[in-house]
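Novice: Mind looking over this structure? Questions follow.
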Amino acid sequence: MTYLHNIGAYFLMIFEMFRKPTKWSVMKKLILKDIDDLIIGSLGIVAFISFFVGGVITIQTALNINNPLIPKYLVGFATKQSIVLEFAPTFTSIIMAGKVGSFITSSIGTMRVTEQIDALEVMGINSLNYLVLPKTIALSLYPFAIAIGMFLGILGGMAACVFGGYTSLEDYVLGIQTDFQPFHIIYSFIKTFVFAFILATVPSFHGYYMKGGALEVGKASTTAFVWTSVVIILLNYILTDMMLGS
């Protein structure tokens with residue numbers, strides 16, 4: 001029953017988030033601040049992880065192709081498919097659930113503990129619109145970070161090929177170009193938009209409705225990370241089956 005209650009409360013929170021909007025002059029400042037905190041502040045970790053994971057995928061693929069009859073350009077093809085279809089949109093989002101999700105939960109949870117949310121309500125401000133909607137709008141730019149991750153992941157694989165000697169640069173580039181399907185990019189960005197909404201709302205839910213003191217803020221951040229990751233993985237399966245399944 002607790003799970004059903006939380007699911008219902010989550011959807012009611014989303015509905016309430018769009019009611020009684022905050023003035024645009026105030027909302028604009030909140031959105032720009034959240035873009036800086038959530039998107040720009042995360043570009044470094046996304047770039048670092050993407051570059052080196054791209055290199056690891058390339059190395060592992062090259063080392064497992066021992067048959068001389070298998071063309072070397074498949075190293076680049078496998079790297080492209082792995083990064084574009086799964087690593088960049090899905091696994092980066094799970095990593096971001098730890099960074100961005102914990103930040104959102106702890107910041108909103110701290111406001112709940114220190115009664116700042118109660119003060120907003122007393123002033124007649126829709127606290128959900130004021131706190132959650134700017135984060136949701138800011139994370140609509142999350143696909144921009146994922147696009148950078150895709151590029152750097154493929155670039156990292158290229159660096160591994162060139163400096164590790166696993167395959168030639170020409171074969172790697174040929175593999176990237178082979179059987180390129182634009183729909184795979186569309187599929188990845190659709191998933192990314194959905195994951196961005198989850199990254200904004202699930203941690204906000206756990207922070208907004210938490211009870212207790214400073215210790216409970218930490219527990220809420222951990223719980224938010226777990227449930228955000230679970231929802232992302234479940235939606236990843238559903239969206240993949242819907243969009244790529246036969």
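Residue numbers start at 1 in each chain; chains themselves are named A, B, ... in the order of the structure tokens; ligands are numbered from 1 in the order shown.
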Find the residues around Gly109 of chain A up to 8 Å (only C-alpha atoms counted), leave out those fewer than 3 positions away in its own chain, and share them as a list in words.
Specialist: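 Returned residues: Thr105, Ser106, Arg112, Val113, His206, Gly207, Tyr208, Tyr209, Met210, Val217 and Ala220 of chain A.
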Novice: Mind the document's chain letters and residue numbers, and return as a VMD selection string the residues of chain A that DSSP labels alpha helix (DSSP H).
Specialist: chain A and resid 2 to 17 24 to 34 43 to 63 74 to 82 92 to 96 102 to 113 116 to 122 127 to 131 133 to 138 142 to 164 169 to 177 182 to 208 214 to 243
Novice: For segment 232-244 of chain A, find every residue with an atom within 10 Å (counting only C-alpha atoms), except residues of its own chain fewer than 5 positions away, and show them as a list in words.
Specialist: Leu85, Glu86, Pro89, Thr90, Phe91, Ser93, Ile94, Ala97, Phe183, His184, Tyr187, Ser188, Ile190, Lys191, Thr192, Val194, Phe195, Ala196, Ile198, Leu199 and Trp227 of chain A
Novice: Choose the residue, out of A:Ser102, A:Gln81, A:Lys20, A:Val46, that has the smallest atom-to-atom separation from Gly218 of chain A; count only C-alpha atoms.
Specialist: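 Under the stated criterion, the closest residue is A:Ser102.
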Novice: What's the separation between atom CA of Tyr166 of chain A and atom CA of Ala88 of chain A, in Å to one decimal place?
Specialist: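 So the two atoms, atom CA of Tyr166 of chain A and atom CA of Ala88 of chain A, lie 22.8 Å apart.
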Novice: Of the candidates A:Ile95, A:Val53, A:Ala62, A:Met158, which shows the shortest atom-to-atom distance to Glu170 of chain A, using only C-alpha atoms?
Specialist: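 With only C-alpha atoms as the atom set, the closest residue is A:Met158.
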Novice: Applying 12 Å and only C-alpha atoms, which residues near Phe180 of chain A remain after dropping the ones on its own chain fewer than 3 positions away? List them as a list in words.
Specialist: Gly76, Phe77, Ala78, Lys80, Gln81, Val84, Leu85, Val173, Leu174, Gly175, Ile176, Gln177, Phe183, His184 and Ile185 of chain A
Novice: Which residue gives the smallest distance to Ile186 of chain A among A:Val162, A:Ala147, A:Leu32, A:Gly212, with only C-alpha atoms counted?
Specialist: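 So, comparing all the options, the nearest one is A:Ala147.
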Novice: When distances are computed from only C-alpha atoms, which of A:Leu139, A:Met111, A:Met96, A:Val75 shows the smallest separation from Ser168 of chain A?
Specialist: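 That would be A:Val75, the residue with the smallest distance to Ser168 of chain A.
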Novice: For segment 1-11 of chain A, find every residue with an atom within 7 Å (counting only C-alpha atoms), except residues of its own chain fewer than 3 positions away, and show them as a list of chain:residue names.
Specialist: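 My list of contacting residues is A:Ile14, A:Phe15, A:Phe205.
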Novice: What is the atom CA of Ile83 of chain A-atom CA of Phe51 of chain A distance in Å, reported with one decimal?
Specialist: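 About the pair atom CA of Ile83 of chain A and atom CA of Phe51 of chain A: they are 10.4 Å apart.
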Novice: In Å, with one decimal, what is the gap from atom CA of Gly157 of chain A to atom CA of Leu141 of chain A?
Specialist: 25.4 Å
Novice: Can you tell me, as JSON, numbers by chain, what residues are no more than 9 Å from Gly164 of chain A when counting only C-alpha atoms, ignoring any on the same chain fewer than 4 positions away?
Specialist: {"A": [59, 159, 160]}
Novice: Nearest to Ile57 of chain A among A:Val230, A:Asp36, A:Gly44, A:Phe87, with distances taken over only C-alpha atoms: which residue is it?
Specialist: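 Of A:Val230, A:Asp36, A:Gly44, A:Phe87, the one nearest Ile57 of chain A is A:Phe87, counting only C-alpha atoms.
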